[in-house]
>>> print(open('data_19.pdb').read())   # PDB, C-alpha atoms, pLDDT in the B column
ATOM      1  CA  MET E 491      80.211  19.826  -7.182  1.00 41.00           C
ATOM      2  CA  SER E 492      78.203  16.733  -8.106  1.00 43.00           C
ATOM      3  CA  ALA E 493      79.156  14.318 -10.859  1.00 43.00           C
ATOM      4  CA  ASP E 494      76.330  15.566 -13.111  1.00 45.00           C
ATOM      5  CA  THR E 495      77.406  19.173 -12.748  1.00 46.00           C
ATOM      6  CA  ALA E 496      81.063  18.361 -13.340  1.00 47.00           C
ATOM      7  CA  SER E 497      80.350  16.321 -16.482  1.00 46.00           C
ATOM      8  CA  SER E 498      78.053  18.950 -17.990  1.00 51.00           C
ATOM      9  CA  TYR E 499      80.570  21.684 -17.202  1.00 52.00           C
ATOM     10  CA  SER E 500      83.501  19.839 -18.735  1.00 50.00           C
ATOM     11  CA  SER E 501      81.529  19.069 -21.926  1.00 56.00           C
ATOM     12  CA  ARG E 502      80.854  22.759 -22.604  1.00 63.00           C
ATOM     13  CA  GLN E 503      83.047  24.403 -25.193  1.00 68.00           C
ATOM     14  CA  ASP E 504      83.481  27.936 -26.425  1.00 73.00           C
ATOM     15  CA  ALA E 505      80.538  28.497 -28.741  1.00 75.00           C
ATOM     16  CA  PHE E 506      81.881  31.592 -30.471  1.00 79.00           C
ATOM     17  CA  ASP E 507      85.258  31.359 -32.156  1.00 76.00           C
ATOM     18  CA  PRO E 508      86.471  34.649 -33.653  1.00 73.00           C
ATOM     19  CA  LEU E 509      88.747  32.793 -36.064  1.00 71.00           C
ATOM     20  CA  LEU E 510      86.016  30.542 -37.465  1.00 77.00           C
ATOM     21  CA  GLN E 511      83.185  33.109 -37.302  1.00 80.00           C
ATOM     22  CA  PRO E 512      84.658  36.625 -37.524  1.00 81.00           C
ATOM     23  CA  GLU E 513      81.270  37.935 -38.727  1.00 84.00           C
ATOM     24  CA  LEU E 514      79.904  37.469 -35.213  1.00 85.00           C
ATOM     25  CA  PHE E 515      82.191  40.213 -33.922  1.00 88.00           C
ATOM     26  CA  GLU E 516      82.331  42.717 -36.805  1.00 88.00           C
ATOM     27  CA  GLY E 517      81.484  46.223 -35.632  1.00 87.00           C
ATOM     28  CA  VAL E 518      80.467  45.060 -32.166  1.00 90.00           C
ATOM     29  CA  ARG E 519      82.549  47.629 -30.290  1.00 89.00           C
ATOM     30  CA  SER E 520      81.174  50.712 -32.073  1.00 90.00           C
ATOM     31  CA  ARG E 521      77.587  49.458 -32.126  1.00 93.00           C
ATOM     32  CA  ARG E 522      77.848  48.687 -28.436  1.00 91.00           C
ATOM     33  CA  ILE E 523      78.772  52.302 -27.726  1.00 91.00           C
ATOM     34  CA  PHE E 524      75.707  53.549 -29.647  1.00 96.00           C
ATOM     35  CA  ALA E 525      73.536  50.964 -27.875  1.00 96.00           C
ATOM     36  CA  PHE E 526      74.747  52.366 -24.546  1.00 94.00           C
ATOM     37  CA  PHE E 527      73.509  55.855 -25.456  1.00 96.00           C
ATOM     38  CA  ILE E 528      70.138  54.516 -26.620  1.00 97.00           C
ATOM     39  CA  ASP E 529      69.785  52.557 -23.369  1.00 97.00           C
ATOM     40  CA  ALA E 530      70.777  55.593 -21.296  1.00 97.00           C
ATOM     41  CA  PHE E 531      68.002  57.571 -22.988  1.00 98.00           C
ATOM     42  CA  VAL E 532      65.445  54.785 -22.410  1.00 98.00           C
ATOM     43  CA  ILE E 533      66.484  54.477 -18.751  1.00 98.00           C
ATOM     44  CA  ALA E 534      66.136  58.243 -18.332  1.00 98.00           C
ATOM     45  CA  LEU E 535      62.598  58.098 -19.733  1.00 98.00           C
ATOM     46  CA  LEU E 536      61.696  55.156 -17.485  1.00 98.00           C
ATOM     47  CA  THR E 537      63.177  56.955 -14.485  1.00 98.00           C
ATOM     48  CA  MET E 538      61.057  60.029 -15.199  1.00 98.00           C
ATOM     49  CA  GLY E 539      57.959  57.859 -15.351  1.00 97.00           C
ATOM     50  CA  ALA E 540      58.910  56.087 -12.148  1.00 97.00           C
ATOM     51  CA  ALA E 541      59.571  59.465 -10.496  1.00 98.00           C
ATOM     52  CA  VAL E 542      55.955  60.452 -11.103  1.00 97.00           C
ATOM     53  CA  LEU E 543      54.790  57.206  -9.494  1.00 97.00           C
ATOM     54  CA  VAL E 544      57.114  57.727  -6.523  1.00 97.00           C
ATOM     55  CA  PHE E 545      55.760  61.266  -6.144  1.00 97.00           C
ATOM     56  CA  ILE E 546      52.200  59.934  -5.971  1.00 97.00           C
ATOM     57  CA  LEU E 547      53.322  57.225  -3.567  1.00 96.00           C
ATOM     58  CA  GLY E 548      55.070  59.857  -1.471  1.00 96.00           C
ATOM     59  CA  ILE E 549      51.850  61.854  -1.162  1.00 96.00           C
ATOM     60  CA  PHE E 550      49.836  58.787  -0.145  1.00 95.00           C
ATOM     61  CA  THR E 551      52.451  57.729   2.434  1.00 94.00           C
ATOM     62  CA  LEU E 552      52.704  61.240   3.907  1.00 93.00           C
ATOM     63  CA  GLY E 553      56.261  61.736   2.643  1.00 93.00           C
ATOM     64  CA  LEU E 554      57.708  58.343   3.496  1.00 94.00           C
ATOM     65  CA  GLY E 555      57.676  57.224  -0.146  1.00 93.00           C
ATOM     66  CA  PHE E 556      59.956  60.106  -1.140  1.00 96.00           C
ATOM     67  CA  ILE E 557      62.881  58.084   0.268  1.00 96.00           C
ATOM     68  CA  LEU E 558      62.683  55.968  -2.886  1.00 96.00           C
ATOM     69  CA  TYR E 559      64.073  58.893  -4.879  1.00 96.00           C
ATOM     70  CA  ALA E 560      67.515  58.045  -3.448  1.00 96.00           C
ATOM     71  CA  ILE E 561      67.624  54.680  -5.223  1.00 96.00           C
ATOM     72  CA  LEU E 562      65.318  55.400  -8.148  1.00 97.00           C
ATOM     73  CA  PRO E 563      67.815  55.771 -11.055  1.00 96.00           C
ATOM     74  CA  ALA E 564      69.927  52.796  -9.994  1.00 96.00           C
ATOM     75  CA  GLY E 565      66.876  50.668  -9.292  1.00 97.00           C
ATOM     76  CA  VAL E 566      65.286  51.448 -12.651  1.00 98.00           C
ATOM     77  CA  ALA E 567      68.553  50.683 -14.473  1.00 97.00           C
ATOM     78  CA  LEU E 568      69.008  47.382 -12.621  1.00 97.00           C
ATOM     79  CA  LEU E 569      65.450  46.286 -13.373  1.00 97.00           C
ATOM     80  CA  TYR E 570      65.821  47.400 -16.995  1.00 97.00           C
ATOM     81  CA  ALA E 571      68.997  45.337 -17.431  1.00 96.00           C
ATOM     82  CA  ALA E 572      67.613  42.317 -15.597  1.00 96.00           C
ATOM     83  CA  PHE E 573      64.416  42.134 -17.635  1.00 96.00           C
ATOM     84  CA  THR E 574      65.811  43.076 -21.060  1.00 97.00           C
ATOM     85  CA  LEU E 575      69.338  41.656 -21.057  1.00 95.00           C
ATOM     86  CA  GLY E 576      68.246  38.692 -18.967  1.00 95.00           C
ATOM     87  CA  GLY E 577      65.064  38.206 -20.975  1.00 94.00           C
ATOM     88  CA  PRO E 578      64.275  36.016 -23.970  1.00 94.00           C
ATOM     89  CA  ALA E 579      65.891  38.399 -26.498  1.00 93.00           C
ATOM     90  CA  ALA E 580      69.156  38.542 -24.475  1.00 94.00           C
ATOM     91  CA  ALA E 581      69.521  42.206 -25.427  1.00 96.00           C
ATOM     92  CA  THR E 582      68.523  45.616 -24.160  1.00 97.00           C
ATOM     93  CA  ILE E 583      66.456  47.916 -26.364  1.00 97.00           C
ATOM     94  CA  GLY E 584      69.606  49.695 -27.497  1.00 97.00           C
ATOM     95  CA  MET E 585      71.345  46.419 -28.274  1.00 96.00           C
ATOM     96  CA  ARG E 586      68.340  45.234 -30.298  1.00 96.00           C
ATOM     97  CA  ALA E 587      68.311  48.518 -32.219  1.00 96.00           C
ATOM     98  CA  MET E 588      71.999  48.023 -33.040  1.00 95.00           C
ATOM     99  CA  GLY E 589      71.653  44.324 -33.930  1.00 94.00           C
ATOM    100  CA  LEU E 590      73.490  42.909 -30.916  1.00 95.00           C
ATOM    101  CA  GLU E 591      72.765  40.267 -28.323  1.00 94.00           C
ATOM    102  CA  MET E 592      74.576  38.853 -25.317  1.00 94.00           C
ATOM    103  CA  ARG E 593      75.426  35.219 -24.771  1.00 92.00           C
ATOM    104  CA  LEU E 594      77.428  33.255 -22.247  1.00 92.00           C
ATOM    105  CA  TRP E 595      80.759  31.871 -23.468  1.00 87.00           C
ATOM    106  CA  TYR E 596      79.210  28.466 -24.170  1.00 87.00           C
ATOM    107  CA  GLY E 597      76.243  29.863 -26.151  1.00 85.00           C
ATOM    108  CA  SER E 598      73.456  30.069 -23.576  1.00 89.00           C
ATOM    109  CA  LYS E 599      71.398  33.219 -23.027  1.00 92.00           C
ATOM    110  CA  PRO E 600      72.016  35.227 -19.836  1.00 95.00           C
ATOM    111  CA  TYR E 601      69.535  35.035 -16.980  1.00 95.00           C
ATOM    112  CA  PRO E 602      68.192  38.066 -15.030  1.00 96.00           C
ATOM    113  CA  LEU E 603      70.579  37.798 -12.057  1.00 96.00           C
ATOM    114  CA  LEU E 604      73.608  37.596 -14.347  1.00 96.00           C
ATOM    115  CA  ALA E 605      72.323  40.611 -16.298  1.00 96.00           C
ATOM    116  CA  ALA E 606      72.014  42.647 -13.078  1.00 95.00           C
ATOM    117  CA  VAL E 607      75.506  41.599 -11.937  1.00 96.00           C
ATOM    118  CA  HIS E 608      76.797  42.484 -15.422  1.00 95.00           C
ATOM    119  CA  LEU E 609      75.418  45.993 -14.993  1.00 94.00           C
ATOM    120  CA  LEU E 610      76.896  46.333 -11.492  1.00 95.00           C
ATOM    121  CA  LEU E 611      80.334  45.259 -12.734  1.00 93.00           C
ATOM    122  CA  PHE E 612      80.015  47.707 -15.622  1.00 91.00           C
ATOM    123  CA  TRP E 613      79.292  50.537 -13.170  1.00 91.00           C
ATOM    124  CA  PHE E 614      82.211  49.482 -10.985  1.00 90.00           C
ATOM    125  CA  SER E 615      84.665  49.197 -13.885  1.00 87.00           C
ATOM    126  CA  ILE E 616      83.601  52.458 -15.486  1.00 86.00           C
ATOM    127  CA  SER E 617      83.922  54.318 -12.190  1.00 86.00           C
ATOM    128  CA  LEU E 618      87.509  53.110 -11.806  1.00 83.00           C
ATOM    129  CA  LEU E 619      88.674  53.051 -15.433  1.00 78.00           C
ATOM    130  CA  THR E 620      86.389  55.646 -17.025  1.00 74.00           C
ATOM    131  CA  PRO E 621      87.961  56.269 -20.453  1.00 69.00           C
ATOM    132  CA  PHE E 622      90.074  53.132 -20.372  1.00 76.00           C
ATOM    133  CA  VAL E 623      87.214  50.643 -20.066  1.00 76.00           C
ATOM    134  CA  LEU E 624      87.048  50.374 -23.871  1.00 76.00           C
ATOM    135  CA  LEU E 625      90.786  49.682 -24.177  1.00 81.00           C
ATOM    136  CA  VAL E 626      90.285  46.131 -22.928  1.00 84.00           C
ATOM    137  CA  SER E 627      88.212  45.410 -26.027  1.00 82.00           C
ATOM    138  CA  LEU E 628      91.101  46.423 -28.282  1.00 83.00           C
ATOM    139  CA  PHE E 629      93.139  43.490 -26.961  1.00 84.00           C
ATOM    140  CA  SER E 630      90.322  40.947 -26.800  1.00 79.00           C
ATOM    141  CA  ASP E 631      89.737  38.693 -29.800  1.00 78.00           C
ATOM    142  CA  ARG E 632      85.983  38.737 -29.107  1.00 80.00           C
ATOM    143  CA  LYS E 633      85.938  42.509 -28.437  1.00 82.00           C
ATOM    144  CA  ARG E 634      84.841  41.923 -24.851  1.00 86.00           C
ATOM    145  CA  LEU E 635      85.083  44.489 -22.072  1.00 86.00           C
ATOM    146  CA  LEU E 636      86.467  43.827 -18.598  1.00 86.00           C
ATOM    147  CA  HIS E 637      83.113  42.952 -17.054  1.00 88.00           C
ATOM    148  CA  ASP E 638      82.399  40.587 -19.965  1.00 90.00           C
ATOM    149  CA  LEU E 639      85.670  38.768 -19.339  1.00 89.00           C
ATOM    150  CA  ILE E 640      84.957  38.434 -15.626  1.00 90.00           C
ATOM    151  CA  LEU E 641      81.445  37.046 -16.128  1.00 92.00           C
ATOM    152  CA  GLY E 642      82.149  34.958 -19.223  1.00 89.00           C
ATOM    153  CA  THR E 643      79.759  36.810 -21.491  1.00 92.00           C
ATOM    154  CA  VAL E 644      80.166  37.804 -25.121  1.00 91.00           C
ATOM    155  CA  VAL E 645      78.267  40.323 -27.275  1.00 91.00           C
ATOM    156  CA  ILE E 646      77.651  39.161 -30.828  1.00 90.00           C
ATOM    157  CA  ASN E 647      75.898  40.228 -34.035  1.00 89.00           C
ATOM    158  CA  SER E 648      72.416  38.829 -33.578  1.00 86.00           C
ATOM    159  CA  GLU E 649      71.437  38.650 -37.259  1.00 81.00           C
ATOM    160  CA  TYR E 650      74.504  36.646 -38.254  1.00 75.00           C
ATOM    161  CA  HIS E 651      73.985  34.365 -35.265  1.00 70.00           C
ATOM    162  CA  ARG E 652      70.364  33.713 -36.245  1.00 72.00           C
ATOM    163  CA  VAL E 653      71.383  32.870 -39.822  1.00 73.00           C
ATOM    164  CA  TYR E 654      74.222  30.644 -38.609  1.00 70.00           C
ATOM    165  CA  VAL E 655      71.987  28.785 -36.143  1.00 63.00           C
ATOM    166  CA  ARG E 656      69.300  28.310 -38.816  1.00 58.00           C
ATOM    167  CA  ASP E 657      71.855  26.928 -41.308  1.00 63.00           C
ATOM    168  CA  HIS E 658      73.792  24.844 -38.728  1.00 63.00           C
ATOM    169  CA  PRO E 659      71.254  23.757 -36.073  1.00 60.00           C
ATOM    170  CA  THR E 660      73.725  21.571 -34.175  1.00 57.00           C
ATOM    171  CA  GLY E 661      76.742  23.838 -34.413  1.00 51.00           C
ATOM    172  CA  GLY E 662      75.599  27.218 -33.131  1.00 47.00           C
TER
END
>>> encode(input="data_19.pdb", output="structure tokens")
Amino acid sequence: MSADTASSYSSRQDAFDPLLQPELFEGVRSRRIFAFFIDAFVIALLTMGAAVLVFILGIFTLGLGFILYAILPAGVALLYAAFTLGGPAAATIGMRAMGLEMRLWYGSKPYPLLAAVHLLLFWFSISLLTPFVLLVSLFSDRKRLLHDLILGTVVINSEYHRVYVRDHPTGG
């Protein structure tokens, strides 16, 4: 690690303190569950649209394109997460509808690769700990899930964050 990287890393601090700003985390857990269902519906619609395109591609490639059906749902979900969660809004469509956004522990927005890895860790954790994946959030002061803790991400109330950043431009 170079000196520049080490100094910038050591100067970063937790941007979201649940004791100083409890409004950032109010209702996050329940709204996150509803956002998941909205996103699942959107991904299903996108997958159906992509399935039509793969069908047409399969006809033009004399059946070779039909192999894409094996990875279609996972591929659509990964691209959806990478471009929405890793995009400028730092939130999927479901998260935006529920007033949530994702940030890194020091306040920065996630980038597309981190968003895709976040989704992969979510799939891995939910396949191992299916109903218990939400229990981790009961013991976390920032209501984070296991994959959030591993990657250093936090889901916050976006409206309160916007108001706080507007009122305190250097502190948020």
>>> atom_distance(input="data_19.pdb", atom1="atom CA of Asp529 of chain E", atom2="atom CA of Gly584 of chain E")
5.0 Å
>>> closest_atom_pairs(input="data_19.pdb", of="segment 535-607 of chain E", to="segment 625-649 of chain E", cutoff="7 Å", atoms="only C-alpha atoms", output="Markdown table")
| residue | atom | partner | partner_atom | distance |
| --- | --- | --- | --- | --- |
| E:Gly589 | CA | E:Ser648 | CA | 5.6 |
| E:Leu590 | CA | E:Asn647 | CA | 4.8 |
| E:Glu591 | CA | E:Ser648 | CA | 5.5 |
| E:Met592 | CA | E:Val645 | CA | 4.4 |
| E:Arg593 | CA | E:Val644 | CA | 5.4 |
| E:Leu594 | CA | E:Thr643 | CA | 4.3 |
| E:Trp595 | CA | E:Thr643 | CA | 5.4 |
>>> write_last_selection(input="data_19.pdb", atoms="C-alpha atoms", output="short mmCIF file (atom, residue, chain, number, x, y, z; two decimals), keeping the file's coordinate frame")
data_model
loop_
_atom_site.label_atom_id
_atom_site.label_comp_id
_atom_site.auth_asym_id
_atom_site.auth_seq_id
_atom_site.Cartn_x
_atom_site.Cartn_y
_atom_site.Cartn_z
CA GLY E 589 71.65 44.32 -33.93
CA LEU E 590 73.49 42.91 -30.92
CA GLU E 591 72.76 40.27 -28.32
CA MET E 592 74.58 38.85 -25.32
CA ARG E 593 75.43 35.22 -24.77
CA LEU E 594 77.43 33.26 -22.25
CA TRP E 595 80.76 31.87 -23.47
#
>>> resolve_selection(input="data_19.pdb", expression="the PyMOL selection byres ((chain E and resi 571) around 9)", output="PyMOL selection string")
chain E and resi 566-570+572-577+581-582+602+605-606+608-609
>>> atom_distance(input="data_19.pdb", atom1="atom CA of Pro563 of chain E", atom2="atom CA of Lys599 of chain E")
25.8 Å
>>> resolve_selection(input="data_19.pdb", expression="the PyMOL selection byres ((chain E and resi 521) around 10)", output="ChimeraX atom specification")
/E:516-520,522-526,584-585,587-590,647
>>> residues_around(input="data_19.pdb", residues="Val542 of chain E", least_positions_apart="4", cutoff="12 Å", atoms="all atoms listed in the file", output="list in words")
Leu535, Leu536, Thr537, Met538, Ile546, Leu547, Gly548, Ile549, Gly555, Phe556, Leu558, Tyr559 and Leu562 of chain E
